[in-house]
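All remarks here apply to the structure that follows.
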Amino acid sequence: MVRYNPKEVEPRWRAAWDEADVFRAETDSSKPKYYVLEMFPYPSGSLHVGHARNYAMGDVVARFKRARGFNVLHPMGWDAFGLPAENAASERGVDPAAWTWDNIAKMREELKRLGLSIDWSRELATCDPAYYGRQQAWFLKLMERGLVYRKEGLVNWDPVDMTVLANEQVIDGRGWRSGAMVERRKLTQWFLRITDYAEDLLDGLKTLDRWPDKVRTMQENWIGKSQGLRLTFQFAGESPESGLEVYTTRPDTLFGASFLAVAPDHPLAENLAQKDPRVAAFVAEVRRGGTSEAEIESAEKQGWDTGLKVIHPFDSTRQIPVWIANFVLMDYGVGAIFGCPAHDQRDLDFARKYDLPVTPVVLPVGEDPAVFHVKQEAYVGPGRIFNSAFLDGLEIEAAKAVAIARAEADGFGKGTTVYRLRDWGVARQRGWGCPIPVVHCSDCGVVPVSPDQLPVELPVDLDFSKPGNPLARHATWKHTSCPKCGAAAERETDTLDTFVDSSWYFARFPNAGAAEPIDKAAADYWLPVDQYIGGVEHAVLHLLYARFVTRALADEGLLSVKEPFAGLFTQGMVTHETYRRQSGEWLEPGSVVIRTEGAHRRAFLADTDEPIVIGEAEKMSKSKRNVVAPADIADVYGVDAARLFVLSDSPPERDVQWTSGGVEGAWRLINRVWAEFDETSPSDGEIDVAASLALRRATHKAIKSVTEAIEGFRFNSAVARLYEFVAIVRNARASTVTPEVRREALAALARLVAPFAPHLAEECWRRLGEGGMIVHAAWPAWDANLVADEERILPVQINGKRRGEIRAPSGATAADVEALLFADPEIAKKLEGLTIRKVIVVPDRIVNVVAA
RNA sequence: GGGGACGUGGCGGAACGGUAGACGCACCGGACUUAAAAUCCGUUGGCCGCAAGGCCGUGAGGGUUCGAGUCCCUCCGUCCCUACCA
């Protein structure tokens, strides 16, 4: 027997696939289409097994669907703009473009080595002018549609990266990449009007029935629709403004209002701050504490009494003070609220601190209105309204409707829907991104670059040695002429958020070389993506932006679908144990040896035998040095073993822990499979008919269970069924089965293994003497008659406890089973002396006897 | 504070409301070998028992059901997301 040699076999088959160009997808086909896409990688320069798992999953789906007769599109690209290239440029003085293209070349080779069934002819990179130039083209179209606008406003400024961050990119008051405390700065920014689509994006979630509920919930919460009332309070006495508008979702509690509060950056507050330095000082102080650290965050309500009063709209005899409060946000609703301390915890905290009245207006069921009052906990539960004039006695929802109707009738308010979602700030002050294709002209203002001047390319000699935007300080790049009047003008030096790059790449793959941004015919054929696979960390931002851009492009006539991804799967990460010396220094897995002493595992430094601390399994990261590269595995076991293992141990949506033992298990499976094909089947001896039938049945059962496991994304279960099937095929060698049956089993085995270990499968297929390559072979079908057993073993329960079993023909009726049951001497013995009350028979599954 | 997920052997994990622990890892025993590695075969939830067999067992407690890891309620724990959103 020849040992399976992946180092020889794997490259040979990859070359054969390349040679035959087997993974090229043609748009025109009589077959049904299937578009599989994994989230494209950032070209960091090195592939780790986390990538391998992501792409292996997509590859299983792609190869499976191809075998099942689909016309499969499975492309690959590069999310190639972004900060790491700039960091490399500023730290090491390399050219970001050269650095990126170099990394792409390296990673392409590593990906190819995984044996993925990718149509490389469609490869694209977002940093390629051929790509971002088309992005500029549709950006200008959205601009014409009014979906792009500039607005001056407070933005999140990252002082380390010297750039503006979207709200979503600020985590706990820090920049998501740099970790630096974010400052608030006033700048003119570019925005995409995603809020125009808020309702539609929310609505569309209902149609995405092949998305995880979790992701849909996260997007729903992110859009954050609420129904409420906008109402305007009139000032009492001398008034600086005509009135003060607030937003509430609890108009039923209006009679419990004891104060109004505006955000520190509300126009009213800014107005007052200009006149009164004490107000200015308060606002400044609040802003400093701002949205920062965790302690401050959960903490103290702070307020400033403006001295202004407004009149209660339902009771003109009541006057309500107006405060500036740190917990009111300018960018939600209208930046002003009324406080009803009895029924909102934040308002209550504020009222207690500043000694404002607390009037309950919702009476919990069973409470006495004469004695009910609120102490330190606001009452937010159900009840009936009281202390509220015309609302008295109503349930909360009814009272909301009545209050809104009254406010509308009296002309001071309007029922309103508000979304938490805000417009997408897309400008970045970065040099390594897609330039925003507009020109600033002193006469004409902001002028789009004319389409025939696209792409607006980045200069090749950007200087990243200083922080800030290298485009802005480039000597010549920004100087141009106005497309409208021809006078000297300056280019916009902001570039687009990289989330823009990734929000349409799936629409480019159908024809990655098209002159237009999107080849409509090709996109109409391929879209939507049938199965999209990626990390759950993109559940909100990337997926929401892609859904928005798809809608915008559809409205522009470039696409026909509203939802880009019909099916979504979010996969888990690959983790690895961490190792560190007593001194705290992290160690690479390769430098550590593990020894087992009884039940305990101990780690030692390979060279010196120094004892090492074994830490938790964590996401592979360079900083903890627990990274395993697929190449390391490929050198020893081949990539098939690596592919098999990352899919086998854990369900795909969960994290998988990389262990050397696990890979060895996969390697053993590969060798066992190979051994079956390498072995010549013993043909002497009498044919064992029963064993032959048993193997046939096992073959068809394996086909069915592997097929169903792949369809249900239960790759770990599919691999478990493969292990079982290989064991059965091996054991069948002990008896003499007919050559046809053995051949059927082996032909099925090769094809079932193919999506997971494609190189091995090809080698087996050839060894079997089948013509052509297995990538062209059809997926095996199972015969329902062979899958069903003739006879079944039914466990017998007495009063719910297993007490024995009987054999019954498959499909036996309840009456048949009962007859068999009472005919069984073992069972009869166990039932002796008991009165049988009831016999429950679940056909082909179980029998339960209720007896006393 | 809000939302969600999860909790099963030594470990990763299986299990349409129907024999809990498939499959893999690890461990232990055996075969092969001068020996080891590799490979192959076998054992392995706990307790009692020579055995046949019995009892207990899916975070804790209750409930629904002929039957619950699975459904419902309460609690405990872990993880993730989100957060002064009016």
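Here's how to read the names in the structure tokens: chain A, B, ... by the order shown, residue numbers from 1 in each chain, ligand numbers from 1 in the order shown.
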Neighbours of A60 of chain B within 12 Å (only C-alpha atoms (C1' of nucleotides); same-chain residues fewer than 3 positions away dropped), as a PDB file with all heavy atoms, in the first residue's frame?
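As written to disk, result_3.pdb reads:
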```pdb
ATOM      1  P     G B   7     -26.807  24.868  25.081  1.00  0.00           P
ATOM      2  OP1   G B   7     -26.408  23.633  24.387  1.00  0.00           O
ATOM      3  OP2   G B   7     -28.222  25.174  25.336  1.00  0.00           O
ATOM      4  O5'   G B   7     -26.033  24.928  26.468  1.00  0.00           O
ATOM      5  C5'   G B   7     -24.614  24.851  26.497  1.00  0.00           C
ATOM      6  C4'   G B   7     -24.119  24.989  27.917  1.00  0.00           C
ATOM      7  O4'   G B   7     -24.642  26.201  28.489  1.00  0.00           O
ATOM      8  C3'   G B   7     -24.542  23.849  28.840  1.00  0.00           C
ATOM      9  O3'   G B   7     -23.463  23.481  29.684  1.00  0.00           O
ATOM     10  C2'   G B   7     -25.658  24.449  29.674  1.00  0.00           C
ATOM     11  O2'   G B   7     -25.715  23.934  30.994  1.00  0.00           O
ATOM     12  C1'   G B   7     -25.247  25.927  29.728  1.00  0.00           C
ATOM     13  N9    G B   7     -26.395  26.820  29.906  1.00  0.00           N
ATOM     14  C8    G B   7     -27.318  27.172  28.954  1.00  0.00           C
ATOM     15  N7    G B   7     -28.231  27.981  29.408  1.00  0.00           N
ATOM     16  C5    G B   7     -27.887  28.183  30.732  1.00  0.00           C
ATOM     17  C6    G B   7     -28.509  28.967  31.737  1.00  0.00           C
ATOM     18  O6    G B   7     -29.515  29.662  31.636  1.00  0.00           O
ATOM     19  N1    G B   7     -27.838  28.884  32.952  1.00  0.00           N
ATOM     20  C2    G B   7     -26.713  28.144  33.174  1.00  0.00           C
ATOM     21  N2    G B   7     -26.213  28.189  34.420  1.00  0.00           N
ATOM     22  N3    G B   7     -26.113  27.405  32.252  1.00  0.00           N
ATOM     23  C4    G B   7     -26.752  27.471  31.060  1.00  0.00           C
ATOM     24  P     U B  74     -40.437  34.030  34.045  1.00  0.00           P
ATOM     25  OP1   U B  74     -40.785  35.463  34.184  1.00  0.00           O
ATOM     26  OP2   U B  74     -39.528  33.594  32.967  1.00  0.00           O
ATOM     27  O5'   U B  74     -39.835  33.516  35.428  1.00  0.00           O
ATOM     28  C5'   U B  74     -40.441  33.870  36.667  1.00  0.00           C
ATOM     29  C4'   U B  74     -39.710  33.212  37.811  1.00  0.00           C
ATOM     30  O4'   U B  74     -39.786  31.765  37.654  1.00  0.00           O
ATOM     31  C3'   U B  74     -38.208  33.476  37.858  1.00  0.00           C
ATOM     32  O3'   U B  74     -37.878  34.728  38.422  1.00  0.00           O
ATOM     33  C2'   U B  74     -37.720  32.299  38.700  1.00  0.00           C
ATOM     34  O2'   U B  74     -37.993  32.485  40.069  1.00  0.00           O
ATOM     35  C1'   U B  74     -38.596  31.167  38.166  1.00  0.00           C
ATOM     36  N1    U B  74     -37.899  30.437  37.065  1.00  0.00           N
ATOM     37  C2    U B  74     -36.972  29.478  37.432  1.00  0.00           C
ATOM     38  O2    U B  74     -36.719  29.229  38.596  1.00  0.00           O
ATOM     39  N3    U B  74     -36.354  28.836  36.401  1.00  0.00           N
ATOM     40  C4    U B  74     -36.555  29.051  35.046  1.00  0.00           C
ATOM     41  O4    U B  74     -35.915  28.387  34.239  1.00  0.00           O
ATOM     42  C5    U B  74     -37.527  30.065  34.749  1.00  0.00           C
ATOM     43  C6    U B  74     -38.157  30.707  35.739  1.00  0.00           C
ATOM     44  P     C B  75     -36.562  35.482  37.874  1.00  0.00           P
ATOM     45  OP1   C B  75     -36.562  36.818  38.499  1.00  0.00           O
ATOM     46  OP2   C B  75     -36.483  35.347  36.405  1.00  0.00           O
ATOM     47  O5'   C B  75     -35.389  34.620  38.511  1.00  0.00           O
ATOM     48  C5'   C B  75     -35.218  34.578  39.935  1.00  0.00           C
ATOM     49  C4'   C B  75     -34.260  33.475  40.310  1.00  0.00           C
ATOM     50  O4'   C B  75     -34.690  32.211  39.725  1.00  0.00           O
ATOM     51  C3'   C B  75     -32.838  33.622  39.799  1.00  0.00           C
ATOM     52  O3'   C B  75     -32.073  34.545  40.557  1.00  0.00           O
ATOM     53  C2'   C B  75     -32.329  32.192  39.918  1.00  0.00           C
ATOM     54  O2'   C B  75     -32.025  31.868  41.262  1.00  0.00           O
ATOM     55  C1'   C B  75     -33.555  31.397  39.480  1.00  0.00           C
ATOM     56  N1    C B  75     -33.485  31.060  38.031  1.00  0.00           N
ATOM     57  C2    C B  75     -32.618  30.038  37.641  1.00  0.00           C
ATOM     58  O2    C B  75     -31.949  29.456  38.509  1.00  0.00           O
ATOM     59  N3    C B  75     -32.523  29.711  36.331  1.00  0.00           N
ATOM     60  C4    C B  75     -33.259  30.362  35.430  1.00  0.00           C
ATOM     61  N4    C B  75     -33.124  30.011  34.160  1.00  0.00           N
ATOM     62  C5    C B  75     -34.148  31.419  35.805  1.00  0.00           C
ATOM     63  C6    C B  75     -34.231  31.731  37.102  1.00  0.00           C
ATOM     64  P     C B  76     -30.871  35.325  39.815  1.00  0.00           P
ATOM     65  OP1   C B  76     -30.417  36.368  40.747  1.00  0.00           O
ATOM     66  OP2   C B  76     -31.305  35.677  38.448  1.00  0.00           O
ATOM     67  O5'   C B  76     -29.737  34.211  39.704  1.00  0.00           O
ATOM     68  C5'   C B  76     -29.170  33.633  40.876  1.00  0.00           C
ATOM     69  C4'   C B  76     -28.203  32.540  40.492  1.00  0.00           C
ATOM     70  O4'   C B  76     -28.921  31.477  39.800  1.00  0.00           O
ATOM     71  C3'   C B  76     -27.133  32.946  39.490  1.00  0.00           C
ATOM     72  O3'   C B  76     -26.064  33.646  40.087  1.00  0.00           O
ATOM     73  C2'   C B  76     -26.720  31.594  38.927  1.00  0.00           C
ATOM     74  O2'   C B  76     -25.897  30.885  39.833  1.00  0.00           O
ATOM     75  C1'   C B  76     -28.072  30.890  38.823  1.00  0.00           C
ATOM     76  N1    C B  76     -28.678  31.062  37.486  1.00  0.00           N
ATOM     77  C2    C B  76     -28.184  30.304  36.412  1.00  0.00           C
ATOM     78  O2    C B  76     -27.253  29.510  36.626  1.00  0.00           O
ATOM     79  N3    C B  76     -28.724  30.455  35.177  1.00  0.00           N
ATOM     80  C4    C B  76     -29.717  31.325  34.987  1.00  0.00           C
ATOM     81  N4    C B  76     -30.208  31.436  33.766  1.00  0.00           N
ATOM     82  C5    C B  76     -30.243  32.116  36.059  1.00  0.00           C
ATOM     83  C6    C B  76     -29.697  31.958  37.272  1.00  0.00           C
ATOM     84  P     G B  77     -25.280  34.758  39.210  1.00  0.00           P
ATOM     85  OP1   G B  77     -24.322  35.420  40.109  1.00  0.00           O
ATOM     86  OP2   G B  77     -26.283  35.561  38.461  1.00  0.00           O
ATOM     87  O5'   G B  77     -24.474  33.890  38.146  1.00  0.00           O
ATOM     88  C5'   G B  77     -23.442  33.012  38.582  1.00  0.00           C
ATOM     89  C4'   G B  77     -22.973  32.163  37.432  1.00  0.00           C
ATOM     90  O4'   G B  77     -24.096  31.408  36.902  1.00  0.00           O
ATOM     91  C3'   G B  77     -22.464  32.932  36.224  1.00  0.00           C
ATOM     92  O3'   G B  77     -21.136  33.388  36.402  1.00  0.00           O
ATOM     93  C2'   G B  77     -22.589  31.881  35.123  1.00  0.00           C
ATOM     94  O2'   G B  77     -21.555  30.926  35.195  1.00  0.00           O
ATOM     95  C1'   G B  77     -23.913  31.212  35.508  1.00  0.00           C
ATOM     96  N9    G B  77     -25.058  31.779  34.769  1.00  0.00           N
ATOM     97  C8    G B  77     -26.028  32.620  35.244  1.00  0.00           C
ATOM     98  N7    G B  77     -26.923  32.930  34.323  1.00  0.00           N
ATOM     99  C5    G B  77     -26.508  32.242  33.193  1.00  0.00           C
ATOM    100  C6    G B  77     -27.074  32.174  31.893  1.00  0.00           C
ATOM    101  O6    G B  77     -28.100  32.728  31.467  1.00  0.00           O
ATOM    102  N1    G B  77     -26.321  31.363  31.045  1.00  0.00           N
ATOM    103  C2    G B  77     -25.185  30.711  31.409  1.00  0.00           C
ATOM    104  N2    G B  77     -24.598  29.976  30.448  1.00  0.00           N
ATOM    105  N3    G B  77     -24.642  30.751  32.614  1.00  0.00           N
ATOM    106  C4    G B  77     -25.362  31.529  33.451  1.00  0.00           C
TER     107        G B  77
END
```
When the cut-off is 10 Å and we count only C-alpha atoms (C1' of nucleotides), which residues of chain B are near chain A, given as a tab-separated table (two decimals) with N, CA, C and O atoms (P, O5', C5', C4', C3', O3' and C1' of nucleotides), in the first residue's frame?
```tsv
chain	number	residue	atom	x	y	z
B	1	G	P	-29.12	46.46	35.60
B	1	G	O5'	-29.63	47.53	34.52
B	1	G	C5'	-30.78	48.29	34.84
B	1	G	C4'	-31.22	49.00	33.60
B	1	G	C3'	-31.59	48.10	32.43
B	1	G	O3'	-32.90	47.57	32.55
B	1	G	C1'	-30.18	49.80	31.65
B	3	G	P	-35.28	43.70	27.27
B	3	G	O5'	-34.50	43.26	25.96
B	3	G	C5'	-34.97	43.66	24.68
B	3	G	C4'	-34.00	43.24	23.61
B	3	G	C3'	-33.67	41.75	23.57
B	3	G	O3'	-34.69	40.99	22.95
B	3	G	C1'	-31.68	42.97	23.40
B	4	G	P	-34.93	39.47	23.47
B	4	G	O5'	-33.67	38.68	22.91
B	4	G	C5'	-33.48	38.55	21.51
B	4	G	C4'	-32.09	38.07	21.21
B	4	G	C3'	-31.73	36.68	21.71
B	4	G	O3'	-32.32	35.66	20.94
B	4	G	C1'	-29.93	38.13	22.10
B	5	A	P	-32.63	34.23	21.63
B	5	A	O5'	-31.18	33.57	21.70
B	5	A	C5'	-30.47	33.25	20.50
B	5	A	C4'	-29.04	32.90	20.83
B	5	A	C3'	-28.87	31.69	21.73
B	5	A	O3'	-29.00	30.47	21.03
B	5	A	C1'	-27.49	33.43	22.50
B	10	G	P	-16.69	14.36	33.51
B	10	G	O5'	-15.27	14.59	32.82
B	10	G	C5'	-14.20	15.13	33.59
B	10	G	C4'	-13.10	15.58	32.67
B	10	G	C3'	-13.53	16.24	31.38
B	10	G	O3'	-13.93	17.58	31.58
B	10	G	C1'	-11.81	14.70	30.92
B	12	G	P	-15.54	21.60	26.06
B	12	G	O5'	-15.40	21.35	24.49
B	12	G	C5'	-14.49	22.14	23.74
B	12	G	C4'	-14.58	21.75	22.29
B	12	G	C3'	-15.98	21.74	21.72
B	12	G	O3'	-16.42	23.05	21.41
B	12	G	C1'	-14.86	19.78	21.04
B	13	G	P	-17.95	23.38	21.43
B	13	G	O5'	-18.49	22.45	20.27
B	13	G	C5'	-19.79	21.91	20.32
B	13	G	C4'	-19.76	20.62	19.55
B	13	G	C3'	-21.13	19.96	19.39
B	13	G	O3'	-21.67	20.40	18.16
B	13	G	C1'	-19.60	18.42	20.35
B	14	A	P	-23.19	20.35	17.90
B	14	A	O5'	-23.31	18.87	17.35
B	14	A	C5'	-24.05	18.00	18.05
B	14	A	C4'	-24.20	16.74	17.30
B	14	A	C3'	-25.68	16.36	17.29
B	14	A	O3'	-26.22	16.67	16.04
B	14	A	C1'	-24.43	14.74	18.47
B	18	G	P	-37.88	13.75	19.58
B	18	G	O5'	-37.87	12.30	20.22
B	18	G	C5'	-37.28	12.10	21.49
B	18	G	C4'	-37.43	10.65	21.88
B	18	G	C3'	-37.06	9.69	20.77
B	18	G	O3'	-36.51	8.53	21.38
B	18	G	C1'	-39.32	9.38	21.37
B	19	U	P	-34.94	8.41	21.58
B	19	U	O5'	-34.87	6.92	22.12
B	19	U	C5'	-35.48	6.57	23.36
B	19	U	C4'	-34.53	5.71	24.15
B	19	U	C3'	-33.14	6.34	24.39
B	19	U	O3'	-32.68	5.93	25.66
B	19	U	C1'	-32.90	4.34	23.20
B	22	A	P	-21.29	8.51	21.79
B	22	A	O5'	-21.45	8.20	20.23
B	22	A	C5'	-22.58	7.47	19.76
B	22	A	C4'	-22.96	7.97	18.39
B	22	A	C3'	-21.81	8.25	17.43
B	22	A	O3'	-21.37	7.05	16.81
B	22	A	C1'	-23.32	10.05	17.36
B	23	C	P	-19.86	6.63	16.85
B	23	C	O5'	-19.12	7.87	16.18
B	23	C	C5'	-19.19	8.07	14.78
B	23	C	C4'	-18.55	9.40	14.43
B	23	C	C3'	-17.18	9.66	15.06
B	23	C	O3'	-16.13	8.99	14.38
B	23	C	C1'	-18.51	11.55	15.39
B	24	G	P	-14.86	8.49	15.17
B	24	G	O5'	-14.11	9.86	15.51
B	24	G	C5'	-13.60	10.67	14.47
B	24	G	C4'	-13.14	11.99	15.02
B	24	G	C3'	-12.08	11.92	16.10
B	24	G	O3'	-10.79	11.71	15.57
B	24	G	C1'	-13.77	13.43	16.76
B	25	C	P	-9.71	10.96	16.41
B	25	C	O5'	-9.39	11.99	17.60
B	25	C	C5'	-8.73	13.21	17.33
B	25	C	C4'	-8.66	14.04	18.58
B	25	C	C3'	-7.91	13.41	19.74
B	25	C	O3'	-6.51	13.50	19.58
B	25	C	C1'	-9.90	14.41	20.53
B	26	A	P	-5.59	12.33	20.11
B	26	A	O5'	-5.80	12.41	21.70
B	26	A	C5'	-5.28	13.50	22.44
B	26	A	C4'	-5.74	13.41	23.87
B	26	A	C3'	-5.39	12.12	24.58
B	26	A	O3'	-4.07	12.12	25.09
B	26	A	C1'	-7.66	12.61	24.96
B	27	C	P	-3.23	10.77	25.14
B	27	C	O5'	-3.99	9.98	26.30
B	27	C	C5'	-3.99	10.47	27.63
B	27	C	C4'	-4.93	9.65	28.49
B	27	C	C3'	-4.64	8.16	28.52
B	27	C	O3'	-3.61	7.85	29.43
B	27	C	C1'	-6.96	8.50	28.15
B	28	C	P	-2.54	6.70	29.01
B	28	C	O5'	-3.35	5.37	29.33
B	28	C	C5'	-3.84	5.11	30.65
B	28	C	C4'	-4.84	3.98	30.61
B	28	C	C3'	-4.38	2.71	29.91
B	28	C	O3'	-3.55	1.92	30.74
B	28	C	C1'	-6.53	3.26	29.17
B	39	U	P	-1.69	7.00	12.90
B	39	U	O5'	-1.95	5.51	12.39
B	39	U	C5'	-2.02	5.24	10.99
B	39	U	C4'	-2.12	3.75	10.78
B	39	U	C3'	-3.28	3.08	11.47
B	39	U	O3'	-4.50	3.22	10.75
B	39	U	C1'	-1.32	1.82	11.87
B	66	C	P	-50.62	12.60	29.13
B	66	C	O5'	-49.52	11.47	29.26
B	66	C	C5'	-49.71	10.40	30.17
B	66	C	C4'	-48.63	9.37	29.94
B	66	C	C3'	-47.21	9.92	29.85
B	66	C	O3'	-46.66	10.09	31.14
B	66	C	C1'	-47.58	8.46	28.04
B	67	G	P	-45.83	11.36	31.47
B	67	G	O5'	-44.57	11.21	30.51
B	67	G	C5'	-43.61	10.19	30.78
B	67	G	C4'	-42.60	10.13	29.68
B	67	G	C3'	-41.88	11.44	29.37
B	67	G	O3'	-40.82	11.65	30.29
B	67	G	C1'	-42.56	10.43	27.37
B	81	C	P	-19.19	41.96	21.19
B	81	C	O5'	-20.57	42.60	20.72
B	81	C	C5'	-21.06	42.33	19.41
B	81	C	C4'	-22.52	42.71	19.33
B	81	C	C3'	-22.84	44.16	19.67
B	81	C	O3'	-22.56	45.02	18.59
B	81	C	C1'	-24.39	42.74	20.74
B	82	U	P	-22.03	46.50	18.88
B	82	U	O5'	-23.26	47.13	19.68
B	82	U	C5'	-24.43	47.53	18.98
B	82	U	C4'	-25.48	48.00	19.97
B	82	U	C3'	-25.09	49.19	20.83
B	82	U	O3'	-25.17	50.41	20.14
B	82	U	C1'	-26.13	47.55	22.17
B	83	A	P	-24.09	51.53	20.49
B	83	A	O5'	-24.73	52.16	21.81
B	83	A	C5'	-26.01	52.76	21.74
B	83	A	C4'	-26.62	52.76	23.11
B	83	A	C3'	-26.01	53.71	24.13
B	83	A	O3'	-26.40	55.04	23.87
B	83	A	C1'	-26.51	51.65	25.16
B	84	C	P	-25.51	56.15	24.57
B	84	C	O5'	-26.39	56.56	25.82
B	84	C	C5'	-27.71	56.72	25.63
B	84	C	C4'	-28.53	56.72	26.90
B	84	C	C3'	-29.69	57.71	26.78
B	84	C	O3'	-30.84	57.19	27.38
B	84	C	C1'	-28.39	58.23	28.67
B	85	C	P	-31.72	56.02	26.63
B	85	C	O5'	-32.04	56.68	25.20
B	85	C	C5'	-33.14	57.58	25.01
B	85	C	C4'	-33.72	57.36	23.63
B	85	C	C3'	-33.94	55.86	23.35
B	85	C	O3'	-35.28	55.45	23.21
B	85	C	C1'	-32.49	56.90	21.70
B	86	A	P	-36.40	55.84	22.57
B	86	A	O5'	-37.10	56.68	23.71
B	86	A	C5'	-37.99	57.72	23.35
B	86	A	C4'	-38.12	58.64	24.51
B	86	A	C3'	-38.88	59.94	24.24
B	86	A	O3'	-40.28	59.76	24.32
B	86	A	C1'	-36.87	60.43	25.32
```
For segment 30-33 of chain B: contacts at 8 Å, only C-alpha atoms (C1' of nucleotides), fewer than 4 positions along chain excluded, given as number ranges by chain: B: 40-42
All helix (DSSP H, G or I) residues (DSSP, backbone) inside segment 390-586 of chain A, as number ranges by chain: A: 390-391, 396-410, 451-453, 470-473, 498-501, 505-511, 520-526, 536-538, 541-555
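Residues with any atom within 9 Å of Glu26 of chain A, counting only C-alpha atoms (C1' of nucleotides) and excluding same-chain neighbours fewer than 6 positions away, are Asn71, Val72 and Leu73 of chain A.
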Just all heavy atoms for this one: save the residues we selected as a PDB file, in the first residue's frame.
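After the write, selection_9.pdb holds the following:
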```pdb
ATOM      1  N   ASN A  71     -25.381  26.200 -12.050  1.00  0.00           N
ATOM      2  CA  ASN A  71     -24.366  27.033 -12.654  1.00  0.00           C
ATOM      3  C   ASN A  71     -23.876  27.968 -11.551  1.00  0.00           C
ATOM      4  O   ASN A  71     -24.584  28.865 -11.132  1.00  0.00           O
ATOM      5  CB  ASN A  71     -24.988  27.840 -13.798  1.00  0.00           C
ATOM      6  CG  ASN A  71     -23.967  28.652 -14.545  1.00  0.00           C
ATOM      7  OD1 ASN A  71     -22.819  28.243 -14.659  1.00  0.00           O
ATOM      8  ND2 ASN A  71     -24.387  29.796 -15.056  1.00  0.00           N
ATOM      9  N   VAL A  72     -22.667  27.707 -11.062  1.00  0.00           N
ATOM     10  CA  VAL A  72     -22.207  28.364  -9.842  1.00  0.00           C
ATOM     11  C   VAL A  72     -21.260  29.507 -10.139  1.00  0.00           C
ATOM     12  O   VAL A  72     -20.332  29.369 -10.940  1.00  0.00           O
ATOM     13  CB  VAL A  72     -21.517  27.332  -8.917  1.00  0.00           C
ATOM     14  CG1 VAL A  72     -20.831  28.022  -7.749  1.00  0.00           C
ATOM     15  CG2 VAL A  72     -22.530  26.304  -8.412  1.00  0.00           C
ATOM     16  N   LEU A  73     -21.515  30.632  -9.501  1.00  0.00           N
ATOM     17  CA  LEU A  73     -20.567  31.751  -9.519  1.00  0.00           C
ATOM     18  C   LEU A  73     -19.927  31.853  -8.139  1.00  0.00           C
ATOM     19  O   LEU A  73     -20.627  31.993  -7.131  1.00  0.00           O
ATOM     20  CB  LEU A  73     -21.288  33.067  -9.849  1.00  0.00           C
ATOM     21  CG  LEU A  73     -20.438  34.350  -9.727  1.00  0.00           C
ATOM     22  CD1 LEU A  73     -19.226  34.299 -10.635  1.00  0.00           C
ATOM     23  CD2 LEU A  73     -21.284  35.579 -10.040  1.00  0.00           C
TER      24      LEU A  73
END
```
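Interatomic distance, atom CA of Glu408 of chain A against atom CA of Leu231 of chain A: 8.9 Å.
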Contact residues around segment 140-154 of chain A with only C-alpha atoms (C1' of nucleotides) at 7 Å, ignoring same-chain residues under 2 positions, as an MDAnalysis selection string: chainID A and resid 136:138 156 184:193 448
Those residues with C-alpha atoms, as a compact mmCIF listing (two decimals), in the first residue's frame please?
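Printed below is again.txt as written:
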```txt
# COMPACT_ATOMS: atom_id res chain seq x y z
CA GLN A 136 -17.05 57.31 -8.53
CA ALA A 137 -19.37 57.03 -11.53
CA TRP A 138 -22.30 55.74 -9.52
CA ASN A 156 -16.12 62.43 15.81
CA ARG A 184 -15.97 66.45 18.85
CA ARG A 185 -15.06 68.80 16.04
CA LYS A 186 -16.98 70.94 13.62
CA LEU A 187 -16.29 70.05 9.99
CA THR A 188 -18.05 69.96 6.67
CA GLN A 189 -18.80 66.36 5.90
CA TRP A 190 -20.13 64.25 3.08
CA PHE A 191 -23.21 62.18 3.83
CA LEU A 192 -25.25 59.54 2.07
CA ARG A 193 -28.95 59.78 2.74
CA PRO A 448 -19.07 67.02 -10.00
```
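Proximity of B:U58, B:U34, B:U64, B:U78 to G17 of chain B, computed with only C-alpha atoms (C1' of nucleotides), is greatest for B:U64.
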